[in-house]
file data-v7.cif (mmCIF, C-alpha atoms)
data_run
loop_
_atom_site.label_atom_id
_atom_site.label_comp_id
_atom_site.auth_asym_id
_atom_site.auth_seq_id
_atom_site.Cartn_x
_atom_site.Cartn_y
_atom_site.Cartn_z
CA MET A 1 -27.32 -143.93 -22.17
CA ALA A 2 -25.45 -141.19 -20.36
CA ASP A 3 -21.68 -140.77 -20.50
CA PHE A 4 -19.44 -143.06 -18.54
CA ASP A 5 -15.76 -143.26 -17.66
CA GLN A 6 -15.18 -146.99 -17.67
CA GLU A 7 -16.91 -150.04 -19.03
CA LEU A 8 -17.10 -153.55 -17.60
CA ASP A 9 -18.44 -156.40 -19.69
CA ALA A 10 -19.68 -159.09 -17.34
CA SER A 11 -21.63 -160.94 -20.04
CA GLY A 12 -21.81 -164.68 -19.48
CA LEU A 13 -20.82 -164.38 -15.84
CA ASN A 14 -23.12 -165.63 -13.13
CA CYS A 15 -23.80 -164.60 -9.54
CA PRO A 16 -21.86 -163.23 -7.72
CA LEU A 17 -19.19 -162.45 -10.34
CA PRO A 18 -20.81 -159.36 -11.94
CA ILE A 19 -21.01 -157.70 -8.51
CA LEU A 20 -17.49 -158.73 -7.53
CA ARG A 21 -16.01 -157.48 -10.79
CA ALA A 22 -17.95 -154.23 -10.51
CA LYS A 23 -16.74 -153.69 -6.97
CA LYS A 24 -13.16 -154.31 -8.04
CA THR A 25 -13.39 -151.93 -10.99
CA LEU A 26 -15.05 -149.23 -8.88
CA SER A 27 -12.28 -149.40 -6.32
CA SER A 28 -9.77 -148.37 -8.99
CA MET A 29 -11.92 -145.39 -10.05
CA ASP A 30 -12.24 -141.89 -8.62
CA THR A 31 -15.23 -140.48 -6.73
CA GLY A 32 -17.87 -139.18 -9.12
CA GLN A 33 -16.73 -141.33 -12.03
CA VAL A 34 -19.29 -143.52 -13.74
CA LEU A 35 -18.99 -147.22 -14.51
CA HIS A 36 -21.02 -148.86 -17.26
CA ILE A 37 -21.65 -152.54 -16.59
CA ILE A 38 -23.01 -154.99 -19.13
CA ALA A 39 -24.39 -158.28 -17.81
CA THR A 40 -26.47 -161.21 -18.99
CA ASP A 41 -27.38 -162.62 -15.56
CA PRO A 42 -31.06 -161.73 -14.97
CA GLY A 43 -30.41 -161.77 -11.22
CA SER A 44 -28.02 -158.87 -11.63
CA VAL A 45 -30.91 -156.39 -11.94
CA LYS A 46 -31.95 -156.80 -8.32
CA ASP A 47 -28.37 -157.39 -7.25
CA PHE A 48 -27.08 -154.07 -8.56
CA GLU A 49 -30.00 -152.27 -6.89
CA ALA A 50 -29.04 -153.93 -3.62
CA PHE A 51 -25.35 -153.27 -4.18
CA SER A 52 -26.04 -149.59 -4.75
CA LYS A 53 -28.23 -149.26 -1.64
CA GLN A 54 -25.70 -150.96 0.58
CA THR A 55 -22.52 -149.36 -0.71
CA GLY A 56 -23.85 -145.86 -1.42
CA ASN A 57 -22.61 -145.93 -5.03
CA GLU A 58 -25.51 -144.45 -6.96
CA LEU A 59 -27.28 -146.60 -9.55
CA MET A 60 -27.99 -143.94 -12.17
CA GLU A 61 -29.52 -146.18 -14.76
CA SER A 62 -30.63 -149.79 -15.14
CA LYS A 63 -32.11 -151.10 -18.36
CA GLU A 64 -32.44 -154.10 -20.61
CA GLU A 65 -31.42 -153.78 -24.23
CA GLY A 66 -30.89 -156.44 -26.85
CA GLY A 67 -31.08 -159.25 -24.30
CA LYS A 68 -28.43 -157.68 -22.09
CA PHE A 69 -28.64 -155.68 -18.91
CA HIS A 70 -26.95 -152.31 -18.65
CA PHE A 71 -26.15 -150.45 -15.47
CA LEU A 72 -24.59 -147.08 -14.78
CA ILE A 73 -23.07 -146.73 -11.34
CA LYS A 74 -21.51 -143.55 -9.99
CA LYS A 75 -18.72 -144.06 -7.53
CA ALA A 76 -19.44 -142.49 -4.14
CA MET B 1 -22.27 -146.17 8.54
CA GLU B 2 -20.57 -148.69 10.80
CA GLU B 3 -19.14 -151.73 9.09
CA LYS B 4 -21.39 -154.76 9.31
CA LYS B 5 -20.02 -158.15 10.19
CA LEU B 6 -20.72 -161.61 8.78
CA ALA B 7 -19.57 -164.79 10.50
CA ILE B 8 -19.88 -168.17 8.78
CA ILE B 9 -19.16 -171.69 9.97
CA ALA B 10 -18.40 -173.95 6.99
CA THR B 11 -18.85 -177.60 7.89
CA LYS B 12 -19.32 -179.38 4.59
CA GLY B 13 -16.72 -180.71 2.19
CA SER B 14 -18.60 -181.40 -1.02
CA LEU B 15 -18.48 -179.49 -4.29
CA ASP B 16 -22.05 -178.19 -4.04
CA TRP B 17 -21.84 -177.17 -0.39
CA ALA B 18 -18.51 -175.43 -0.88
CA TYR B 19 -20.21 -172.69 -2.86
CA PRO B 20 -22.44 -170.96 -0.28
CA PRO B 21 -19.66 -169.93 2.12
CA PHE B 22 -17.46 -168.52 -0.66
CA ILE B 23 -20.27 -166.87 -2.63
CA LEU B 24 -21.73 -165.22 0.46
CA SER B 25 -18.39 -164.10 1.87
CA SER B 26 -17.06 -162.65 -1.35
CA THR B 27 -20.33 -160.81 -1.92
CA ALA B 28 -20.50 -159.59 1.66
CA ALA B 29 -16.96 -158.28 1.35
CA ALA B 30 -17.95 -156.43 -1.85
CA LEU B 31 -20.82 -154.87 0.07
CA GLY B 32 -18.45 -153.69 2.76
CA TYR B 33 -18.97 -156.39 5.39
CA GLU B 34 -16.11 -157.50 7.56
CA THR B 35 -16.22 -161.26 7.09
CA GLU B 36 -14.83 -164.38 8.70
CA ILE B 37 -15.29 -168.04 7.85
CA PHE B 38 -14.53 -170.70 10.41
CA PHE B 39 -13.86 -174.05 8.72
CA THR B 40 -14.52 -177.12 10.78
CA PHE B 41 -14.78 -180.87 10.18
CA TYR B 42 -15.35 -181.60 6.47
CA GLY B 43 -15.31 -177.88 5.74
CA LEU B 44 -11.53 -178.04 6.02
CA GLN B 45 -11.43 -179.67 2.59
CA LEU B 46 -12.28 -176.22 1.24
CA LEU B 47 -8.89 -174.94 2.34
CA ARG B 48 -6.75 -177.39 0.40
CA LYS B 49 -4.46 -175.85 -2.22
CA LYS B 50 -5.62 -178.46 -4.65
CA LEU B 51 -9.36 -178.84 -4.30
CA ALA B 52 -10.66 -182.32 -5.06
CA LEU B 53 -14.28 -181.84 -4.07
CA GLU B 54 -17.04 -184.02 -5.41
CA VAL B 55 -20.81 -184.00 -5.42
CA THR B 56 -22.80 -187.14 -4.76
CA PRO B 57 -26.23 -188.13 -6.09
CA LEU B 58 -26.45 -190.71 -3.29
CA GLY B 59 -29.15 -189.90 -0.78
CA ASN B 60 -29.71 -186.55 -2.47
CA PRO B 61 -33.28 -186.58 -3.82
CA GLY B 62 -33.18 -182.86 -4.61
CA MET B 63 -30.33 -183.16 -7.07
CA PRO B 64 -31.42 -182.60 -10.66
CA MET B 65 -29.94 -185.29 -12.90
CA PRO B 66 -29.63 -185.50 -16.68
CA MET B 67 -32.49 -187.00 -18.71
CA GLY B 68 -34.82 -186.63 -15.73
CA MET B 69 -32.95 -189.46 -14.06
CA ASP B 70 -33.82 -188.07 -10.66
CA LYS B 71 -37.42 -189.11 -11.43
CA TRP B 72 -36.96 -192.69 -12.64
CA PHE B 73 -33.43 -193.83 -11.85
CA PRO B 74 -33.48 -196.27 -8.91
CA VAL B 75 -31.94 -194.67 -5.83
CA MET B 76 -29.82 -197.75 -5.13
CA LEU B 77 -28.04 -197.42 -8.45
CA THR B 78 -26.72 -193.99 -7.52
CA ALA B 79 -24.34 -195.95 -5.29
CA LEU B 80 -22.73 -197.61 -8.33
CA PRO B 81 -18.98 -197.10 -8.73
CA GLY B 82 -18.29 -194.14 -10.97
CA MET B 83 -21.61 -192.39 -10.38
CA GLN B 84 -20.10 -189.80 -8.06
CA ALA B 85 -17.24 -189.03 -10.44
CA MET B 86 -19.68 -188.76 -13.32
CA MET B 87 -22.04 -186.42 -11.49
CA THR B 88 -19.09 -184.32 -10.34
CA ALA B 89 -17.79 -183.96 -13.88
CA MET B 90 -21.27 -183.05 -15.15
CA MET B 91 -21.81 -180.52 -12.40
CA LYS B 92 -18.45 -178.87 -13.08
CA LYS B 93 -19.18 -178.68 -16.79
CA LYS B 94 -22.61 -177.20 -16.17
CA MET B 95 -21.15 -174.59 -13.85
CA ALA B 96 -18.50 -173.60 -16.39
CA ASP B 97 -21.14 -173.42 -19.16
CA LYS B 98 -23.34 -171.16 -17.04
CA GLY B 99 -20.56 -168.78 -16.07
CA VAL B 100 -20.51 -169.84 -12.43
CA ALA B 101 -17.13 -169.08 -10.91
CA SER B 102 -14.82 -171.92 -9.93
CA LEU B 103 -14.30 -172.42 -6.22
CA GLU B 104 -10.64 -171.57 -6.58
CA GLU B 105 -11.56 -168.23 -8.13
CA LEU B 106 -14.15 -167.40 -5.46
CA ARG B 107 -11.76 -168.39 -2.70
CA GLU B 108 -9.07 -166.18 -4.18
CA LEU B 109 -11.52 -163.29 -4.43
CA CYS B 110 -12.38 -163.81 -0.77
CA GLN B 111 -8.73 -163.63 0.19
CA GLU B 112 -8.17 -160.57 -1.97
CA ALA B 113 -11.11 -158.91 -0.22
CA GLU B 114 -9.55 -159.75 3.15
CA VAL B 115 -12.13 -162.27 4.23
CA ARG B 116 -10.48 -164.00 7.18
CA LEU B 117 -10.26 -167.78 6.88
CA ILE B 118 -9.90 -169.73 10.09
CA ALA B 119 -9.21 -173.44 10.24
CA CYS B 120 -10.37 -175.45 13.22
CA GLN B 121 -7.22 -176.68 14.94
CA MET B 122 -9.08 -179.53 16.62
CA THR B 123 -10.21 -180.93 13.26
CA VAL B 124 -6.67 -180.67 11.89
CA ASP B 125 -5.46 -182.78 14.82
CA LEU B 126 -8.42 -185.16 14.71
CA PHE B 127 -7.92 -186.15 11.09
CA ASP B 128 -4.12 -185.79 11.16
CA MET B 129 -4.35 -183.25 8.37
CA ASN B 130 -1.17 -181.94 6.82
CA THR B 131 -1.35 -178.15 6.98
CA SER B 132 1.24 -177.80 4.23
CA GLU B 133 -1.55 -178.94 1.89
CA PHE B 134 -3.62 -175.93 2.86
CA ILE B 135 -3.52 -172.52 1.22
CA ASP B 136 -1.46 -169.72 2.78
CA GLY B 137 -2.93 -166.89 4.78
CA ILE B 138 -5.21 -168.91 7.03
CA GLU B 139 -5.33 -168.86 10.78
CA TYR B 140 -5.54 -171.95 13.02
CA ALA B 141 -7.69 -171.59 16.10
CA GLY B 142 -10.53 -172.97 18.17
CA ALA B 143 -14.14 -172.31 19.06
CA ALA B 144 -13.39 -169.42 21.39
CA ARG B 145 -11.67 -167.59 18.54
CA PHE B 146 -14.82 -168.00 16.46
CA PHE B 147 -17.00 -166.47 19.15
CA GLU B 148 -14.69 -163.51 19.53
CA PHE B 149 -15.88 -162.35 16.13
CA ALA B 150 -19.27 -164.09 15.87
CA GLY B 151 -20.39 -162.48 19.12
CA GLN B 152 -20.24 -159.06 17.50
CA SER B 153 -21.52 -160.13 14.10
CA ASP B 154 -24.73 -158.89 12.49
CA ILE B 155 -25.20 -162.14 10.57
CA CYS B 156 -24.03 -165.57 11.63
CA LEU B 157 -24.53 -168.60 9.40
CA TYR B 158 -23.92 -172.28 9.90
CA ILE B 159 -23.40 -173.97 6.55
#
call {"tool": "encode", "arguments": {"input": "data-v7.cif", "output": "structure tokens"}}
result
Amino acid sequence: MADFDQELDASGLNCPLPILRAKKTLSSMDTGQVLHIIATDPGSVKDFEAFSKQTGNELMESKEEGGKFHFLIKKA
Amino acid sequence: MEEKKLAIIATKGSLDWAYPPFILSSTAAALGYETEIFFTFYGLQLLRKKLALEVTPLGNPGMPMPMGMDKWFPVMLTALPGMQAMMTAMMKKKMADKGVASLEELRELCQEAEVRLIACQMTVDLFDMNTSEFIDGIEYAGAARFFEFAGQSDICLYI
């Protein structure tokens, strides 16, 4: 997994909390910085794709590892 | 990209039906939508400082119940005293176990994200509701006020 500037552990949280927490964290970050999100909600895979498309924050990576979902999002 | 707009009318005052308006609005706000919810009739219960919402198994054939009760438990018995309180407690526990946000939390997130909450003034008068029991930061208005925003919205939902 590439480098990141901040990490958000949204494990155990269900829809729509991972997205809401990610949005909140991103708003405190600078343009170009990367946020690493960890989630256990299977719905978050499609949700982060949709979030990225609609907000313009690039989804650099999305993968499953050890039963958790990992996302890297670059703030636009 | 011009900001999209979401307008919701929330009409229901039960625990289960309180979720869609707050989930959709908070998410829409996170996606950059300008969002308003107009609360009318039983939906006004969602604006109380202290939420006391319940879910009822009565006349609700789609509600999953423990031990497959929804399959064999006689419908009439769901009207027994205590059933509603029991199902409410079970639903709340299940939600907490599954990491589903509480309504209070979602509502707060909506307010933080500047989702506008509008209470129907007519309903307040109709049911003699005490507005001091409602949360701060809400607006009291009528149908015309709803259309002012809904008329320009991209998505308009009646829940």
call {"tool": "resolve_selection", "arguments": {"input": "data-v7.cif", "expression": "the PyMOL selection byres ((chain B and resi 100-104) around 9)", "output": "list of chain:residue names"}}
result
A:Gly12, A:Leu13, A:Asn14, A:Cys15, A:Pro16, A:Leu17, B:Leu15, B:Ala18, B:Tyr19, B:Phe22, B:Ile23, B:Leu46, B:Lys49, B:Lys50, B:Leu51, B:Lys92, B:Lys94, B:Met95, B:Ala96, B:Asp97, B:Lys98, B:Gly99, B:Glu105, B:Leu106, B:Arg107, B:Glu108, B:Leu109
call {"tool": "write_last_selection", "arguments": {"input": "data-v7.cif", "atoms": "C-alpha atoms", "output": "PDB file, in the coordinates of the input"}}
result
ATOM      1  CA  GLY A  12     -21.810-164.680 -19.480  1.00  0.00           C
ATOM      2  CA  LEU A  13     -20.820-164.380 -15.840  1.00  0.00           C
ATOM      3  CA  ASN A  14     -23.120-165.630 -13.130  1.00  0.00           C
ATOM      4  CA  CYS A  15     -23.800-164.600  -9.540  1.00  0.00           C
ATOM      5  CA  PRO A  16     -21.860-163.230  -7.720  1.00  0.00           C
ATOM      6  CA  LEU A  17     -19.190-162.450 -10.340  1.00  0.00           C
TER       7      LEU A  17
ATOM      8  CA  LEU B  15     -18.480-179.490  -4.290  1.00  0.00           C
ATOM      9  CA  ALA B  18     -18.510-175.430  -0.880  1.00  0.00           C
ATOM     10  CA  TYR B  19     -20.210-172.690  -2.860  1.00  0.00           C
ATOM     11  CA  PHE B  22     -17.460-168.520  -0.660  1.00  0.00           C
ATOM     12  CA  ILE B  23     -20.270-166.870  -2.630  1.00  0.00           C
ATOM     13  CA  LEU B  46     -12.280-176.220   1.240  1.00  0.00           C
ATOM     14  CA  LYS B  49      -4.460-175.850  -2.220  1.00  0.00           C
ATOM     15  CA  LYS B  50      -5.620-178.460  -4.650  1.00  0.00           C
ATOM     16  CA  LEU B  51      -9.360-178.840  -4.300  1.00  0.00           C
ATOM     17  CA  LYS B  92     -18.450-178.870 -13.080  1.00  0.00           C
ATOM     18  CA  LYS B  94     -22.610-177.200 -16.170  1.00  0.00           C
ATOM     19  CA  MET B  95     -21.150-174.590 -13.850  1.00  0.00           C
ATOM     20  CA  ALA B  96     -18.500-173.600 -16.390  1.00  0.00           C
ATOM     21  CA  ASP B  97     -21.140-173.420 -19.160  1.00  0.00           C
ATOM     22  CA  LYS B  98     -23.340-171.160 -17.040  1.00  0.00           C
ATOM     23  CA  GLY B  99     -20.560-168.780 -16.070  1.00  0.00           C
ATOM     24  CA  GLU B 105     -11.560-168.230  -8.130  1.00  0.00           C
ATOM     25  CA  LEU B 106     -14.150-167.400  -5.460  1.00  0.00           C
ATOM     26  CA  ARG B 107     -11.760-168.390  -2.700  1.00  0.00           C
ATOM     27  CA  GLU B 108      -9.070-166.180  -4.180  1.00  0.00           C
ATOM     28  CA  LEU B 109     -11.520-163.290  -4.430  1.00  0.00           C
TER      29      LEU B 109
END
call {"tool": "resolve_selection", "arguments": {"input": "data-v7.cif", "expression": "the PyMOL selection byres ((chain A) within 10 of (chain B))", "output": "list of chain:residue names"}}
result
A:Ala10, A:Ser11, A:Gly12, A:Leu13, A:Asn14, A:Cys15, A:Pro16, A:Leu17, A:Ile19, A:Leu20, A:Arg21, A:Ala22, A:Lys23, A:Lys24, A:Asp41, A:Ala50, A:Phe51, A:Ser52, A:Lys53, A:Gln54, A:Thr55, A:Gly56
call {"tool": "closest_residue", "arguments": {"input": "data-v7.cif", "among": "B:Asp125, B:Glu34, B:Asp70, B:Glu112", "to": "Ala141 of chain B", "atoms": "all atoms listed in the file"}}
result
B:Asp125
call {"tool": "residues_around", "arguments": {"input": "data-v7.cif", "residues": "Gly59 of chain B", "least_positions_apart": "6", "cutoff": "12 Å", "atoms": "all atoms listed in the file", "output": "number ranges by chain"}}
result
B: 70, 74-79, 84
call {"tool": "atom_distance", "arguments": {"input": "data-v7.cif", "atom1": "atom CA of Val34 of chain A", "atom2": "atom CA of Lys63 of chain A"}}
result
15.6 Å
call {"tool": "residues_around", "arguments": {"input": "data-v7.cif", "residues": "Asn57 of chain A", "least_positions_apart": "5", "cutoff": "7 Å", "atoms": "only C-alpha atoms", "output": "PyMOL selection string"}}
result
chain A and resi 52+73-76
call {"tool": "resolve_selection", "arguments": {"input": "data-v7.cif", "expression": "the PyMOL selection byres ((chain A and resi 60) around 8)", "output": "number ranges by chain"}}
result
A: 58-59, 61-62, 71-74
call {"tool": "residues_near_point", "arguments": {"input": "data-v7.cif", "point": "(-12.8, -146.5, -14.6)", "cutoff": "9 Å", "atoms": "only C-alpha atoms", "output": "PyMOL selection string"}}
result
chain A and resi 4-8+25-30+33-36
call {"tool": "write_last_selection", "arguments": {"input": "data-v7.cif", "atoms": "C-alpha atoms", "output": "PDB file, keeping the file's coordinate frame"}}
result
ATOM      1  CA  PHE A   4     -19.440-143.060 -18.540  1.00  0.00           C
ATOM      2  CA  ASP A   5     -15.760-143.260 -17.660  1.00  0.00           C
ATOM      3  CA  GLN A   6     -15.180-146.990 -17.670  1.00  0.00           C
ATOM      4  CA  GLU A   7     -16.910-150.040 -19.030  1.00  0.00           C
ATOM      5  CA  LEU A   8     -17.100-153.550 -17.600  1.00  0.00           C
ATOM      6  CA  THR A  25     -13.390-151.930 -10.990  1.00  0.00           C
ATOM      7  CA  LEU A  26     -15.050-149.230  -8.880  1.00  0.00           C
ATOM      8  CA  SER A  27     -12.280-149.400  -6.320  1.00  0.00           C
ATOM      9  CA  SER A  28      -9.770-148.370  -8.990  1.00  0.00           C
ATOM     10  CA  MET A  29     -11.920-145.390 -10.050  1.00  0.00           C
ATOM     11  CA  ASP A  30     -12.240-141.890  -8.620  1.00  0.00           C
ATOM     12  CA  GLN A  33     -16.730-141.330 -12.030  1.00  0.00           C
ATOM     13  CA  VAL A  34     -19.290-143.520 -13.740  1.00  0.00           C
ATOM     14  CA  LEU A  35     -18.990-147.220 -14.510  1.00  0.00           C
ATOM     15  CA  HIS A  36     -21.020-148.860 -17.260  1.00  0.00           C
TER      16      HIS A  36
END
call {"tool": "residues_around", "arguments": {"input": "data-v7.cif", "residues": "Lys68 of chain A", "least_positions_apart": "4", "cutoff": "7 Å", "atoms": "all atoms listed in the file", "output": "list of chain:residue names"}}
result
A:Ile38, A:Ala39, A:Thr40, A:Glu64
call {"tool": "atom_distance", "arguments": {"input": "data-v7.cif", "atom1": "atom CA of Ala52 of chain B", "atom2": "atom CA of Tyr158 of chain B"}}
result
22.4 Å
call {"tool": "residues_around", "arguments": {"input": "data-v7.cif", "residues": "Pro64 of chain B", "least_positions_apart": "4", "cutoff": "12 Å", "atoms": "only C-alpha atoms", "output": "PDB file with C-alpha atoms, in the coordinates of the input"}}
result
ATOM      1  CA  VAL B  55     -20.810-184.000  -5.420  1.00  0.00           C
ATOM      2  CA  THR B  56     -22.800-187.140  -4.760  1.00  0.00           C
ATOM      3  CA  PRO B  57     -26.230-188.130  -6.090  1.00  0.00           C
ATOM      4  CA  ASN B  60     -29.710-186.550  -2.470  1.00  0.00           C
ATOM      5  CA  GLY B  68     -34.820-186.630 -15.730  1.00  0.00           C
ATOM      6  CA  MET B  69     -32.950-189.460 -14.060  1.00  0.00           C
ATOM      7  CA  ASP B  70     -33.820-188.070 -10.660  1.00  0.00           C
ATOM      8  CA  LYS B  71     -37.420-189.110 -11.430  1.00  0.00           C
ATOM      9  CA  TRP B  72     -36.960-192.690 -12.640  1.00  0.00           C
ATOM     10  CA  PHE B  73     -33.430-193.830 -11.850  1.00  0.00           C
ATOM     11  CA  MET B  87     -22.040-186.420 -11.490  1.00  0.00           C
ATOM     12  CA  MET B  90     -21.270-183.050 -15.150  1.00  0.00           C
ATOM     13  CA  MET B  91     -21.810-180.520 -12.400  1.00  0.00           C
ATOM     14  CA  LYS B  94     -22.610-177.200 -16.170  1.00  0.00           C
TER      15      LYS B  94
END
call {"tool": "atom_distance", "arguments": {"input": "data-v7.cif", "atom1": "atom CA of Met65 of chain B", "atom2": "atom CA of Thr11 of chain B"}}
result
24.8 Å
call {"tool": "decode", "arguments": {"input": "data-v7.cif", "residues": "segment 51-98 of chain B", "atoms": "C-alpha atoms", "output": "PDB file, in the first residue's frame"}}
result
ATOM      1  CA  LEU B  51     -36.142  10.804  20.916  1.00  0.00           C
ATOM      2  CA  ALA B  52     -38.567   8.158  22.136  1.00  0.00           C
ATOM      3  CA  LEU B  53     -39.219   6.376  18.877  1.00  0.00           C
ATOM      4  CA  GLU B  54     -40.444   2.816  18.721  1.00  0.00           C
ATOM      5  CA  VAL B  55     -40.865   0.156  16.091  1.00  0.00           C
ATOM      6  CA  THR B  56     -43.958  -1.998  15.939  1.00  0.00           C
ATOM      7  CA  PRO B  57     -44.332  -5.583  14.722  1.00  0.00           C
ATOM      8  CA  LEU B  58     -48.090  -4.987  14.432  1.00  0.00           C
ATOM      9  CA  GLY B  59     -49.303  -5.069  10.860  1.00  0.00           C
ATOM     10  CA  ASN B  60     -45.713  -5.270   9.652  1.00  0.00           C
ATOM     11  CA  PRO B  61     -45.332  -8.625   7.859  1.00  0.00           C
ATOM     12  CA  GLY B  62     -41.922  -7.678   6.469  1.00  0.00           C
ATOM     13  CA  MET B  63     -40.322  -7.266   9.867  1.00  0.00           C
ATOM     14  CA  PRO B  64     -37.828 -10.016  10.665  1.00  0.00           C
ATOM     15  CA  MET B  65     -38.400 -11.311  14.191  1.00  0.00           C
ATOM     16  CA  PRO B  66     -36.225 -13.457  16.441  1.00  0.00           C
ATOM     17  CA  MET B  67     -36.503 -17.255  16.234  1.00  0.00           C
ATOM     18  CA  GLY B  68     -38.302 -16.955  12.899  1.00  0.00           C
ATOM     19  CA  MET B  69     -41.324 -15.650  14.777  1.00  0.00           C
ATOM     20  CA  ASP B  70     -42.402 -13.701  11.732  1.00  0.00           C
ATOM     21  CA  LYS B  71     -43.170 -17.092  10.136  1.00  0.00           C
ATOM     22  CA  TRP B  72     -45.193 -18.802  12.868  1.00  0.00           C
ATOM     23  CA  PHE B  73     -46.150 -16.240  15.502  1.00  0.00           C
ATOM     24  CA  PRO B  74     -49.863 -15.385  15.194  1.00  0.00           C
ATOM     25  CA  VAL B  75     -50.298 -11.842  13.887  1.00  0.00           C
ATOM     26  CA  MET B  76     -52.888 -11.045  16.548  1.00  0.00           C
ATOM     27  CA  LEU B  77     -50.397 -11.679  19.324  1.00  0.00           C
ATOM     28  CA  THR B  78     -48.121  -8.937  18.048  1.00  0.00           C
ATOM     29  CA  ALA B  79     -50.732  -6.615  19.560  1.00  0.00           C
ATOM     30  CA  LEU B  80     -49.991  -7.923  23.063  1.00  0.00           C
ATOM     31  CA  PRO B  81     -48.907  -5.332  25.625  1.00  0.00           C
ATOM     32  CA  GLY B  82     -45.143  -5.124  25.772  1.00  0.00           C
ATOM     33  CA  MET B  83     -44.522  -6.475  22.280  1.00  0.00           C
ATOM     34  CA  GLN B  84     -43.720  -3.058  20.843  1.00  0.00           C
ATOM     35  CA  ALA B  85     -41.330  -2.195  23.671  1.00  0.00           C
ATOM     36  CA  MET B  86     -39.650  -5.576  23.306  1.00  0.00           C
ATOM     37  CA  MET B  87     -39.207  -5.277  19.551  1.00  0.00           C
ATOM     38  CA  THR B  88     -37.915  -1.731  19.965  1.00  0.00           C
ATOM     39  CA  ALA B  89     -35.325  -2.834  22.501  1.00  0.00           C
ATOM     40  CA  MET B  90     -34.252  -5.722  20.267  1.00  0.00           C
ATOM     41  CA  MET B  91     -34.001  -3.518  17.208  1.00  0.00           C
ATOM     42  CA  LYS B  92     -31.894  -0.953  19.070  1.00  0.00           C
ATOM     43  CA  LYS B  93     -29.575  -3.656  20.367  1.00  0.00           C
ATOM     44  CA  LYS B  94     -29.197  -5.157  16.912  1.00  0.00           C
ATOM     45  CA  MET B  95     -28.391  -1.766  15.442  1.00  0.00           C
ATOM     46  CA  ALA B  96     -25.752  -1.078  18.089  1.00  0.00           C
ATOM     47  CA  ASP B  97     -24.236  -4.555  17.569  1.00  0.00           C
ATOM     48  CA  LYS B  98     -24.012  -4.001  13.819  1.00  0.00           C
TER      49      LYS B  98
END
